[in-house]
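Pasted below: work.txt, compact mmCIF, C-alpha atoms and all ligand atoms.
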```
# COMPACT_ATOMS: atom_id res chain seq x y z
CA MET A 993 0.00 0.00 0.00
CA SER A 994 1.41 3.40 -0.86
CA ARG A 995 1.36 5.90 1.96
CA PRO A 996 1.25 9.68 1.79
CA PHE A 997 4.55 11.50 1.95
CA PRO A 998 5.33 13.58 3.91
CA PRO A 999 3.65 11.43 6.57
CA PRO A 1000 0.83 13.29 8.28
CA PRO A 1001 0.71 13.70 12.06
CA PHE A 1002 -1.15 10.85 13.72
CA LYS A 1003 -3.17 10.56 16.92
CA ILE A 1004 -2.71 8.57 20.09
CA GLY A 1005 -6.18 8.89 21.57
CA ASP A 1006 -6.85 12.62 21.30
CA LEU A 1007 -3.18 13.53 21.37
CA VAL A 1008 -1.72 14.68 18.06
CA ILE A 1009 1.80 13.39 17.41
CA ASP A 1010 3.42 15.97 15.21
CA PRO A 1011 5.98 15.35 13.83
CA PRO A 1012 5.39 11.59 13.84
CA ILE A 1013 8.85 10.89 15.26
CA LEU A 1014 9.02 9.61 18.83
CA GLN A 1015 11.88 9.55 21.30
CA ALA A 1016 12.21 6.04 22.70
CA PRO A 1017 12.26 5.17 26.37
CA MET A 1018 15.77 4.14 27.42
CA ALA A 1019 16.51 2.96 30.94
CA GLY A 1020 19.42 4.80 32.50
CA PHE A 1021 19.42 7.48 29.79
CA THR A 1022 16.16 9.25 29.00
CA ASN A 1023 15.86 11.11 32.29
CA ALA A 1024 14.61 14.69 32.63
CA ALA A 1025 18.00 16.18 31.71
CA PHE A 1026 18.23 14.25 28.47
CA ARG A 1027 14.58 14.92 27.64
CA GLN A 1028 15.23 18.63 28.10
CA MET A 1029 17.99 18.46 25.48
CA VAL A 1030 15.66 16.70 23.04
CA ARG A 1031 12.96 19.27 23.67
CA ASP A 1032 15.37 22.18 23.20
CA TYR A 1033 16.29 21.02 19.70
CA GLY A 1034 12.73 20.01 18.84
CA GLY A 1035 11.56 17.60 16.18
CA SER A 1036 10.11 14.86 18.37
CA GLY A 1037 6.34 14.61 18.55
CA LEU A 1038 6.39 12.54 21.74
CA ILE A 1039 9.09 12.20 24.35
CA ALA A 1040 9.26 9.27 26.78
CA THR A 1041 10.74 8.57 30.19
CA GLU A 1042 12.79 5.54 31.12
CA MET A 1043 10.79 2.48 32.11
CA VAL A 1044 9.50 2.68 35.66
CA ASN A 1045 8.93 -0.44 37.74
CA ALA A 1046 5.26 -0.29 38.73
CA ARG A 1047 5.67 -2.65 41.68
CA GLY A 1048 8.47 -0.54 43.12
CA PHE A 1049 6.43 2.62 42.65
CA ALA A 1050 3.38 1.08 44.35
CA TRP A 1051 5.55 -0.05 47.28
CA MET A 1052 7.07 3.40 47.69
CA ASP A 1053 3.61 4.90 47.60
CA GLU A 1054 2.29 2.58 50.29
CA HIS A 1055 5.32 3.17 52.51
CA ALA A 1056 5.21 6.95 52.12
CA GLU A 1057 8.65 6.88 50.48
CA GLU A 1058 9.70 9.33 47.81
CA HIS A 1059 8.61 8.34 44.32
CA PRO A 1060 11.18 6.72 42.00
CA ASP A 1061 14.08 8.83 40.74
CA ARG A 1062 12.94 7.86 37.29
CA LEU A 1063 9.94 10.17 37.74
CA TRP A 1064 12.29 13.12 38.16
CA GLY A 1065 10.86 16.07 36.24
CA VAL A 1066 7.72 14.27 35.11
CA ALA A 1067 5.28 16.36 37.15
CA GLU A 1068 6.62 19.70 35.92
CA GLU A 1069 8.05 19.34 32.47
CA ALA A 1070 6.47 20.29 29.16
CA ARG A 1071 3.94 18.05 27.48
CA PRO A 1072 3.35 15.83 25.64
CA LEU A 1073 5.18 13.25 27.72
CA ALA A 1074 4.81 9.48 27.87
CA VAL A 1075 5.74 7.54 30.98
CA GLN A 1076 6.58 3.89 30.49
CA ILE A 1077 5.83 1.34 33.21
CA TRP A 1078 6.41 -2.39 33.57
CA ASP A 1079 5.14 -5.27 35.66
CA ASN A 1080 3.00 -8.37 35.11
CA ASP A 1081 0.24 -7.67 37.59
CA PRO A 1082 -2.83 -5.95 36.13
CA GLN A 1083 -3.93 -4.47 39.49
CA THR A 1084 -0.53 -3.00 40.26
CA MET A 1085 -0.23 -1.57 36.77
CA ALA A 1086 -3.71 -0.08 37.01
CA LYS A 1087 -3.00 1.48 40.38
CA VAL A 1088 0.23 3.07 39.20
CA GLY A 1089 -1.33 4.17 35.91
CA ARG A 1090 -4.07 5.94 37.83
CA ARG A 1091 -1.48 7.78 39.97
CA LEU A 1092 0.46 8.84 36.90
CA VAL A 1093 -2.66 10.20 35.30
CA GLU A 1094 -4.17 11.88 38.36
CA GLU A 1095 -1.12 13.15 40.15
CA TYR A 1096 1.42 13.57 37.38
CA ARG A 1097 -1.02 14.33 34.57
CA VAL A 1098 1.08 12.48 31.99
CA SER A 1099 -0.02 12.51 28.36
CA VAL A 1100 0.41 8.79 27.67
CA VAL A 1101 1.00 5.69 29.79
CA ASP A 1102 3.11 3.21 27.84
CA ILE A 1103 3.59 -0.44 28.78
CA ASN A 1104 6.87 -2.22 28.33
CA PHE A 1105 6.37 -5.62 26.69
CA GLY A 1106 9.75 -5.59 25.00
CA CYS A 1107 12.48 -5.54 27.61
CA PRO A 1108 14.71 -8.62 27.10
CA VAL A 1109 16.86 -8.16 30.22
CA ARG A 1110 16.91 -11.20 32.57
CA GLN A 1111 16.16 -9.07 35.61
CA VAL A 1112 12.81 -8.15 34.02
CA THR A 1113 12.02 -11.36 32.09
CA GLU A 1114 13.23 -14.39 34.05
CA LYS A 1115 13.14 -12.78 37.48
CA ALA A 1116 9.95 -10.73 37.21
CA HIS A 1117 8.13 -12.44 34.32
CA SER A 1118 7.57 -9.03 32.77
CA GLY A 1119 8.70 -7.08 29.70
CA SER A 1120 9.14 -9.34 26.67
CA TYR A 1121 8.41 -12.42 28.82
CA LEU A 1122 4.74 -11.46 28.57
CA LEU A 1123 4.77 -11.88 24.78
CA ARG A 1124 4.35 -15.61 25.42
CA THR A 1125 1.05 -14.99 27.23
CA PRO A 1126 -1.04 -12.61 25.12
CA GLN A 1127 -4.04 -13.28 27.40
CA ARG A 1128 -2.09 -11.80 30.31
CA MET A 1129 -1.15 -8.84 28.14
CA PHE A 1130 -4.85 -8.36 27.42
CA GLU A 1131 -5.66 -8.30 31.15
CA ILE A 1132 -2.87 -5.82 31.91
CA ILE A 1133 -3.78 -3.48 29.06
CA SER A 1134 -7.53 -3.54 29.59
CA LYS A 1135 -7.20 -2.88 33.35
CA LEU A 1136 -4.78 -0.06 32.72
CA VAL A 1137 -6.95 1.46 30.00
CA GLU A 1138 -9.90 1.48 32.39
CA ALA A 1139 -7.80 3.03 35.18
CA CYS A 1140 -6.23 5.73 33.01
CA SER A 1141 -9.21 6.74 30.88
CA PRO A 1142 -9.35 9.15 29.08
CA THR A 1143 -5.55 9.28 29.05
CA PRO A 1144 -4.34 6.91 26.33
CA VAL A 1145 -2.44 3.73 27.08
CA THR A 1146 0.05 2.37 24.55
CA ALA A 1147 2.13 -0.80 24.26
CA LYS A 1148 5.70 -1.36 23.12
CA ILE A 1149 6.63 -4.85 21.98
CA ARG A 1150 9.28 -6.83 20.12
CA LEU A 1151 8.47 -9.22 17.27
CA GLY A 1152 8.29 -12.13 19.70
CA CYS A 1153 10.39 -13.90 22.28
CA SER A 1154 12.66 -15.62 19.75
CA PRO A 1155 12.97 -16.04 15.97
CA GLU A 1156 11.19 -19.39 16.43
CA SER A 1157 8.22 -17.84 18.22
CA ILE A 1158 7.43 -14.62 16.36
CA ASN A 1159 3.84 -13.74 17.23
CA CYS A 1160 3.67 -9.97 16.74
CA ASN A 1161 0.68 -10.12 14.36
CA ASP A 1162 -1.45 -11.95 16.91
CA VAL A 1163 -0.14 -9.84 19.77
CA ALA A 1164 -0.98 -6.68 17.83
CA LYS A 1165 -4.62 -7.76 17.59
CA VAL A 1166 -4.73 -8.47 21.31
CA VAL A 1167 -3.20 -5.09 22.09
CA GLU A 1168 -5.83 -3.31 20.01
CA GLU A 1169 -8.73 -5.38 21.34
CA ALA A 1170 -7.64 -4.63 24.90
CA GLY A 1171 -8.05 -0.92 24.19
CA ALA A 1172 -4.52 0.36 23.64
CA ALA A 1173 -4.31 3.57 21.65
CA ALA A 1174 -1.10 2.78 19.75
CA LEU A 1175 1.43 0.02 19.25
CA THR A 1176 5.19 0.44 18.97
CA VAL A 1177 7.24 -2.43 17.59
CA HIS A 1178 10.99 -2.89 17.85
CA GLY A 1179 11.77 -5.12 14.88
CA ARG A 1180 13.81 -7.73 16.71
CA THR A 1181 12.91 -10.61 18.99
CA ALA A 1182 13.86 -10.61 22.66
CA LYS A 1183 16.40 -13.36 22.01
CA ASP A 1184 18.09 -11.16 19.40
CA MET A 1185 18.78 -8.52 22.04
CA PHE A 1186 20.43 -5.95 19.70
CA ARG A 1187 22.04 -8.36 17.25
CA GLY A 1188 21.41 -8.30 13.49
CA HIS A 1189 19.07 -5.81 11.90
CA ALA A 1190 15.58 -4.72 12.84
CA ASP A 1191 13.14 -6.45 10.49
CA TRP A 1192 11.07 -3.61 9.09
CA ASP A 1193 9.17 -5.90 6.71
CA ARG A 1194 7.76 -7.70 9.72
CA ILE A 1195 6.92 -4.40 11.38
CA SER A 1196 5.16 -3.22 8.23
CA GLU A 1197 3.16 -6.44 7.98
CA ILE A 1198 1.61 -5.79 11.38
CA LYS A 1199 -0.30 -2.81 9.99
CA GLY A 1200 -2.61 -5.21 8.16
CA HIS A 1201 -3.54 -6.78 11.48
CA LEU A 1202 -4.57 -3.52 13.14
CA LYS A 1203 -7.97 -1.98 12.56
CA ASN A 1204 -7.66 1.57 13.81
CA ILE A 1205 -4.73 2.21 16.06
CA PRO A 1206 -1.48 3.67 14.79
CA LEU A 1207 1.66 1.59 14.35
CA ILE A 1208 5.04 3.01 15.32
CA GLY A 1209 8.13 1.31 13.89
CA ASN A 1210 11.39 1.17 15.78
CA GLY A 1211 14.87 -0.13 15.17
CA ASP A 1212 18.17 1.02 13.68
CA LEU A 1213 17.07 4.49 12.56
CA ASP A 1214 20.18 6.63 12.94
CA SER A 1215 19.85 9.40 10.38
CA ALA A 1216 17.29 11.72 8.82
CA GLU A 1217 17.67 9.77 5.58
CA LYS A 1218 16.76 6.49 7.26
CA VAL A 1219 13.69 8.07 8.81
CA VAL A 1220 12.56 9.28 5.38
CA HIS A 1221 13.30 5.84 3.92
CA ALA A 1222 11.28 4.12 6.68
CA PHE A 1223 8.23 6.27 6.00
CA LYS A 1224 8.51 5.87 2.24
CA THR A 1225 9.04 2.12 2.36
CA TYR A 1226 7.08 0.73 5.25
CA ASP A 1227 3.50 0.85 6.40
CA VAL A 1228 3.92 2.76 9.65
CA ASP A 1229 2.23 5.83 11.11
CA GLY A 1230 5.20 6.90 13.16
CA VAL A 1231 8.79 6.01 13.90
CA MET A 1232 10.71 5.85 17.16
CA ILE A 1233 14.42 6.51 17.62
CA ALA A 1234 16.48 5.19 20.53
CA ARG A 1235 20.25 4.62 20.52
CA ALA A 1236 21.10 7.06 17.77
CA CYS A 1237 19.73 10.03 19.71
CA LEU A 1238 21.97 9.42 22.71
CA GLY A 1239 24.60 12.12 22.39
CA ARG A 1240 22.71 13.46 19.36
CA PRO A 1241 19.50 14.98 20.73
CA TRP A 1242 19.36 17.19 17.61
CA LEU A 1243 18.70 14.14 15.42
CA PHE A 1244 14.93 14.59 15.72
CA SER A 1245 15.05 18.13 14.35
CA GLN A 1246 17.10 16.87 11.39
CA ALA A 1247 14.64 14.05 10.72
CA ALA A 1248 11.67 16.39 11.06
CA ALA A 1249 13.20 18.81 8.54
CA ALA A 1250 13.80 15.95 6.11
CA LEU A 1251 10.16 14.86 6.44
CA ARG A 1252 9.00 18.40 5.67
CA GLY A 1253 11.21 18.38 2.59
CA ASP A 1254 13.44 21.11 4.04
CA PRO A 1255 17.23 20.91 3.87
CA VAL A 1256 18.53 18.81 6.76
CA PRO A 1257 20.27 21.12 9.22
CA PRO A 1258 23.92 20.16 9.72
CA ASP A 1259 25.04 18.72 13.05
CA PRO A 1260 25.76 21.48 15.55
CA THR A 1261 29.44 22.50 15.60
CA LEU A 1262 31.62 20.58 18.03
CA ALA A 1263 31.68 23.66 20.29
CA GLU A 1264 27.87 23.69 20.30
CA GLN A 1265 27.76 19.97 20.99
CA ARG A 1266 30.13 20.47 23.90
CA ASP A 1267 27.90 23.26 25.25
CA CYS A 1268 24.87 20.98 24.95
CA MET A 1269 26.71 18.32 26.94
CA LEU A 1270 27.64 20.89 29.59
CA ARG A 1271 24.01 22.03 29.87
CA HIS A 1272 23.02 18.40 30.24
CA TYR A 1273 25.70 17.97 32.93
CA GLN A 1274 24.48 20.99 34.87
CA LEU A 1275 20.91 19.65 34.97
CA VAL A 1276 22.15 16.29 36.23
CA VAL A 1277 24.29 17.94 38.92
CA ASP A 1278 21.46 20.26 39.97
CA ARG A 1279 19.34 17.22 40.59
CA PHE A 1280 21.78 14.67 42.01
CA GLY A 1281 24.53 16.86 43.48
CA GLU A 1282 28.11 17.15 42.28
CA GLU A 1283 29.41 13.75 43.33
CA LYS A 1284 26.61 11.50 42.12
CA GLY A 1285 25.82 13.76 39.16
CA THR A 1286 29.40 13.69 37.89
CA VAL A 1287 29.59 9.91 38.09
CA LEU A 1288 26.20 9.60 36.36
CA MET A 1289 27.30 11.96 33.61
CA ARG A 1290 30.29 9.82 32.61
CA LYS A 1291 28.17 7.58 30.41
CA TYR A 1292 26.18 10.43 28.83
CA ALA A 1293 29.40 12.32 28.12
CA CYS A 1294 30.79 9.29 26.26
CA CYS A 1295 27.70 9.32 24.04
CA TYR A 1296 28.34 12.93 23.02
CA ALA A 1297 31.89 12.08 21.94
CA GLN A 1298 31.05 8.80 20.21
CA GLY A 1299 32.18 8.47 16.61
CA LYS A 1300 34.30 11.60 16.77
CA HIS A 1301 38.02 11.95 16.36
CA GLY A 1302 39.66 11.48 19.78
CA ALA A 1303 36.59 9.92 21.39
CA ARG A 1304 38.70 7.14 22.87
CA TYR A 1305 40.93 9.53 24.84
CA PHE A 1306 37.93 11.47 26.01
CA ARG A 1307 36.17 8.27 27.09
CA THR A 1308 39.17 6.94 28.98
CA ASN A 1309 39.56 10.19 30.87
CA VAL A 1310 35.93 11.03 31.51
CA ALA A 1311 35.40 7.52 32.92
CA ARG A 1312 37.47 8.56 35.94
CA VAL A 1313 36.05 11.98 36.82
CA ASN A 1314 34.55 12.52 40.26
CA THR A 1315 34.17 16.29 40.64
CA ALA A 1316 32.89 19.19 38.58
CA GLU A 1317 36.38 20.57 38.35
CA GLU A 1318 37.70 17.27 36.93
CA PHE A 1319 34.77 16.99 34.55
CA HIS A 1320 35.28 20.47 33.14
CA ARG A 1321 39.04 19.93 32.85
CA VAL A 1322 38.61 16.67 30.92
CA VAL A 1323 36.04 18.31 28.63
CA GLU A 1324 38.37 21.23 28.04
CA GLU A 1325 41.32 18.98 27.30
CA TYR A 1326 39.83 15.97 25.58
CA PHE A 1327 36.37 16.64 24.15
CA PRO A 1328 36.85 16.25 20.39
CA SER A 1329 37.56 19.61 18.78
CA PHE A 1330 38.05 18.55 15.17
CA SER A 1331 35.55 16.66 13.07
CA ASN A 1332 36.65 13.50 11.26
CA GLU A 1333 36.51 15.45 8.00
CA GLU A 1334 38.77 18.19 9.36
CA VAL A 1335 41.25 15.60 10.59
CA LYS A 1336 41.26 13.93 7.18
CA ALA A 1337 41.87 17.26 5.44
CA MET A 1338 44.79 17.98 7.77
CA SER A 1339 46.53 14.66 7.19
C1 LIG B 1 20.39 1.65 26.99
C2 LIG B 1 19.04 1.24 26.50
C3 LIG B 1 17.97 1.28 27.37
C4 LIG B 1 16.70 0.91 26.93
N1 LIG B 1 15.64 1.00 27.80
C5 LIG B 1 14.40 0.76 27.35
C6 LIG B 1 13.27 1.00 28.19
O1 LIG B 1 13.40 1.45 29.34
N2 LIG B 1 12.06 0.71 27.67
C7 LIG B 1 11.87 0.23 26.40
O2 LIG B 1 10.74 -0.01 25.97
N3 LIG B 1 12.93 0.03 25.59
C8 LIG B 1 14.17 0.30 26.02
N4 LIG B 1 15.22 0.16 25.18
C9 LIG B 1 14.96 -0.25 23.78
C10 LIG B 1 14.77 0.99 22.88
O3 LIG B 1 13.68 1.77 23.29
C11 LIG B 1 14.59 0.59 21.42
O4 LIG B 1 13.46 -0.22 21.31
C12 LIG B 1 15.80 -0.18 20.87
O5 LIG B 1 17.00 0.39 21.30
C13 LIG B 1 15.77 -0.22 19.33
O6 LIG B 1 15.77 1.08 18.80
P1 LIG B 1 17.13 1.75 18.19
O7 LIG B 1 17.66 0.81 17.14
O8 LIG B 1 16.69 3.06 17.64
O9 LIG B 1 18.10 1.86 19.31
C14 LIG B 1 16.49 0.49 25.60
C15 LIG B 1 17.58 0.47 24.72
C16 LIG B 1 18.84 0.84 25.15
C17 LIG B 1 19.99 0.82 24.19
```

Could you render the structure as structure tokens?
Amino acid sequence: MSRPFPPPPFKIGDLVIDPPILQAPMAGFTNAAFRQMVRDYGGSGLIATEMVNARGFAWMDEHAEEHPDRLWGVAEEARPLAVQIWDNDPQTMAKVGRRLVEEYRVSVVDINFGCPVRQVTEKAHSGSYLLRTPQRMFEIISKLVEACSPTPVTAKIRLGCSPESINCNDVAKVVEEAGAAALTVHGRTAKDMFRGHADWDRISEIKGHLKNIPLIGNGDLDSAEKVVHAFKTYDVDGVMIARACLGRPWLFSQAAAALRGDPVPPDPTLAEQRDCMLRHYQLVVDRFGEEKGTVLMRKYACCYAQGKHGARYFRTNVARVNTAEEFHRVVEEYFPSFSNEEVKAMS
């Protein structure tokens, strides 16, 4: 089926997703500081938190503890914002969904049915483990939909648990019947982890199994060109970007420009990228304090340098910083200051 290009905005419930490019949830990365960077550059129609453990949240609530760190910023920041939660118990999920809607006023509650990590699958029978029991998925989704109404509930899945047990077409029907307002599919199985390529043909095929809800494709999109290609080639309403936006929060604005048919803005200069990283750092330190914030920032800082000339030296040095003074010194000394092209021209 040929689809319109540029792709029109689509709706999740009453929420308009424009542009139809979503920022993926990523545990340990997509916290409020990172989301702020994405928002500053623009280009993403829906931004998501990291996955939040619903059982942990419910426990904290009952024991009058502070809410999870992963909800940092959620109550105050700009909308639209999706919060992703995980667990296998419909009641717990419904309870937490209700809190997120009533107290935090989130735009979308997303359910994680894709996480392949043992801690979540084998130990908690959640995430992608649930793909083997679509009936259980139905119970979780329908309870959550009821609890969150009218706020939309969405589901994020993989193709199946393993290449031998791909069941995304059937799961998609269950997700829609249970009342979810959109489905996101990462085009790998849980067993694949991140190996091989995302299978966009399989993602595209799912569209024929959905009646009304939008389909969001995810996997391996790392440039504006690939986003355009995905929309032109596959039957999806939206796309979601994960790894490629770490250290490149401006990627969404480039992809959005390409979808509009505008020239793709170049990457920010290395000095601008460094400033973005320093803004990101400051937000992390403001929240977690200098010591914890600096240690936390090591991994984000590596993302900003990735693929650039001298990234290895920067990574080695930033991996050891403990104070703001050390962080700024390492950035000053080692953050890449010449692009790969400039280095090539010099040699
Ligand atoms: C570090 C990391 C953390 C992730 N955490 C989550 C998560 O919390 N929830 C989720 O649904 N997917 C999570 N994912 C999967 C991504 O959202 C996405 O589905 C996957 O990376 C494929 O997209 P990509 O090829 O654009 O990276 C994570 C991926 C990475 C690399």

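Of the residues under consideration (A:Val1220, A:Ile1039, A:Val1322, A:Val1276), A:Ile1039 shows the shortest atom-to-atom contact distance to Arg1027 of chain A when counting all atoms listed in the file.
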
Legend entry - Separation of atom CA of Ala1025 of chain A from atom CA of Val1066 of chain A in Å: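 Taking atom CA of Val1066 of chain A and atom CA of Ala1025 of chain A, their separation equals 11.0 Å.
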
Inset, instruction - Pick out the residues sitting within 9 Å of Leu1063 of chain A, and hand them over as a PyMOL selection string; count only C-alpha atoms, and ignore anything fewer than 5 positions along from it in its own chain. - result: chain A and resi 1023-1024+1041-1042+1044+1075

Inset, instruction - Could you tell me which of A:Met1185, A:Gly1037, A:Thr1146, A:Lys1165 comes closest to Arg1110 of chain A if we count all atoms listed in the file? - result: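 Nearest to Arg1110 of chain A: A:Met1185.
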
Give as a PDB file with C-alpha atoms, keeping the file's coordinate frame the residues surrounding ligand LIG 1 (chain B) up to a distance of 8 Å, considering all atoms listed in the file.
```pdb
ATOM      1  CA  ALA A1016      12.210   6.040  22.700  1.00  0.00           C
ATOM      2  CA  PRO A1017      12.260   5.170  26.370  1.00  0.00           C
ATOM      3  CA  MET A1018      15.770   4.140  27.420  1.00  0.00           C
ATOM      4  CA  ALA A1019      16.510   2.960  30.940  1.00  0.00           C
ATOM      5  CA  GLY A1020      19.420   4.800  32.500  1.00  0.00           C
ATOM      6  CA  PHE A1021      19.420   7.480  29.790  1.00  0.00           C
ATOM      7  CA  THR A1041      10.740   8.570  30.190  1.00  0.00           C
ATOM      8  CA  GLU A1042      12.790   5.540  31.120  1.00  0.00           C
ATOM      9  CA  MET A1043      10.790   2.480  32.110  1.00  0.00           C
ATOM     10  CA  VAL A1044       9.500   2.680  35.660  1.00  0.00           C
ATOM     11  CA  GLN A1076       6.580   3.890  30.490  1.00  0.00           C
ATOM     12  CA  ILE A1103       3.590  -0.440  28.780  1.00  0.00           C
ATOM     13  CA  ASN A1104       6.870  -2.220  28.330  1.00  0.00           C
ATOM     14  CA  PHE A1105       6.370  -5.620  26.690  1.00  0.00           C
ATOM     15  CA  GLY A1106       9.750  -5.590  25.000  1.00  0.00           C
ATOM     16  CA  CYS A1107      12.480  -5.540  27.610  1.00  0.00           C
ATOM     17  CA  LYS A1148       5.700  -1.360  23.120  1.00  0.00           C
ATOM     18  CA  ILE A1149       6.630  -4.850  21.980  1.00  0.00           C
ATOM     19  CA  ARG A1150       9.280  -6.830  20.120  1.00  0.00           C
ATOM     20  CA  VAL A1177       7.240  -2.430  17.590  1.00  0.00           C
ATOM     21  CA  HIS A1178      10.990  -2.890  17.850  1.00  0.00           C
ATOM     22  CA  GLY A1179      11.770  -5.120  14.880  1.00  0.00           C
ATOM     23  CA  PHE A1186      20.430  -5.950  19.700  1.00  0.00           C
ATOM     24  CA  ALA A1190      15.580  -4.720  12.840  1.00  0.00           C
ATOM     25  CA  ASN A1210      11.390   1.170  15.780  1.00  0.00           C
ATOM     26  CA  GLY A1211      14.870  -0.130  15.170  1.00  0.00           C
ATOM     27  CA  ASP A1212      18.170   1.020  13.680  1.00  0.00           C
ATOM     28  CA  LEU A1213      17.070   4.490  12.560  1.00  0.00           C
ATOM     29  CA  ASP A1214      20.180   6.630  12.940  1.00  0.00           C
ATOM     30  CA  MET A1232      10.710   5.850  17.160  1.00  0.00           C
ATOM     31  CA  ILE A1233      14.420   6.510  17.620  1.00  0.00           C
ATOM     32  CA  ALA A1234      16.480   5.190  20.530  1.00  0.00           C
ATOM     33  CA  ARG A1235      20.250   4.620  20.520  1.00  0.00           C
ATOM     34  CA  ALA A1236      21.100   7.060  17.770  1.00  0.00           C
ATOM     35  CA  CYS A1237      19.730  10.030  19.710  1.00  0.00           C
TER      36      CYS A1237
END
```

Inset, instruction - Take atom CA of Met1029 of chain A and atom CA of Val1219 of chain A and report the distance between them in Å, one decimal. - result: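 A separation of 20.1 Å between them.
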
Inset, instruction - Please provide as number ranges by chain all residues within 6 Å of Ala1247 of chain A, with the sequence filter that same-chain residues fewer than 3 positions apart are discarded (counting only C-alpha atoms). - result: A: 1216, 1244, 1250

Would you pick out the contacts of Lys1087 of chain A at 10 Å or less, using all atoms listed in the file, so that residues sharing its chain but fewer than 4 positions from it are not included, and give the list as an mmCIF file with C-alpha atoms, keeping the file's coordinate frame?
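Saved result, selection.cif, follows:
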```
data_model
loop_
_atom_site.group_PDB
_atom_site.id
_atom_site.type_symbol
_atom_site.label_atom_id
_atom_site.label_comp_id
_atom_site.auth_asym_id
_atom_site.auth_seq_id
_atom_site.Cartn_x
_atom_site.Cartn_y
_atom_site.Cartn_z
ATOM 1 C CA ALA A 1046 5.260 -0.290 38.730
ATOM 2 C CA ARG A 1047 5.670 -2.650 41.680
ATOM 3 C CA PHE A 1049 6.430 2.620 42.650
ATOM 4 C CA ALA A 1050 3.380 1.080 44.350
ATOM 5 C CA PRO A 1082 -2.830 -5.950 36.130
ATOM 6 C CA GLN A 1083 -3.930 -4.470 39.490
ATOM 7 C CA ARG A 1091 -1.480 7.780 39.970
ATOM 8 C CA LEU A 1092 0.460 8.840 36.900
ATOM 9 C CA LYS A 1135 -7.200 -2.880 33.350
ATOM 10 C CA LEU A 1136 -4.780 -0.060 32.720
ATOM 11 C CA ALA A 1139 -7.800 3.030 35.180
ATOM 12 C CA CYS A 1140 -6.230 5.730 33.010
#
```

Legend entry - Distance criterion (only C-alpha atoms): nearest to Pro1328 of chain A out of A:Glu1058, A:Asp1254, A:Glu1197, A:Glu1264: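 Using only C-alpha atoms, Pro1328 of chain A sits closest to A:Glu1264.
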
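We find atom CA of Arg1312 of chain A and atom CA of Asp1061 of chain A to be spaced 23.9 Å apart.
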
Legend entry - Shortest interatomic distance to Ala1303 of chain A - which of A:Asp1010, A:Leu1202, A:Tyr1326, A:Arg1187, counting only C-alpha atoms: A:Tyr1326

Legend entry - Residue nearest His1201 of chain A among A:Val1167, A:Met1289, A:Leu1238, A:Ile1004 (counting all atoms listed in the file): A:Val1167

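Proximity of A:Ala1182, A:Leu1207, A:Val1145, A:Val1088 to Leu1122 of chain A, computed with all atoms listed in the file, is greatest for A:Ala1182.
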
Inset, instruction - Anything within 10 Å of (1.9, -0.8, 7.2): list those residues as a VMD selection string, counting only C-alpha atoms and sticking to the file's coordinates. - result: chain A and resid 993 to 995 1192 to 1202 1206 to 1209 1223 1225 to 1229

Legend entry - Residues within 7 Å of Ile1133 of chain A, all atoms listed in the file, excluding chain neighbours under 3 positions, as a PyMOL selection string: chain A and resi 1129-1130+1136-1137+1170-1172

Inset, instruction - Would you mind listing what lies within 12 Å of Ala1070 of chain A as a count of residues only, with only C-alpha atoms counted and same-chain residues fewer than 5 positions away left out? - result: 14
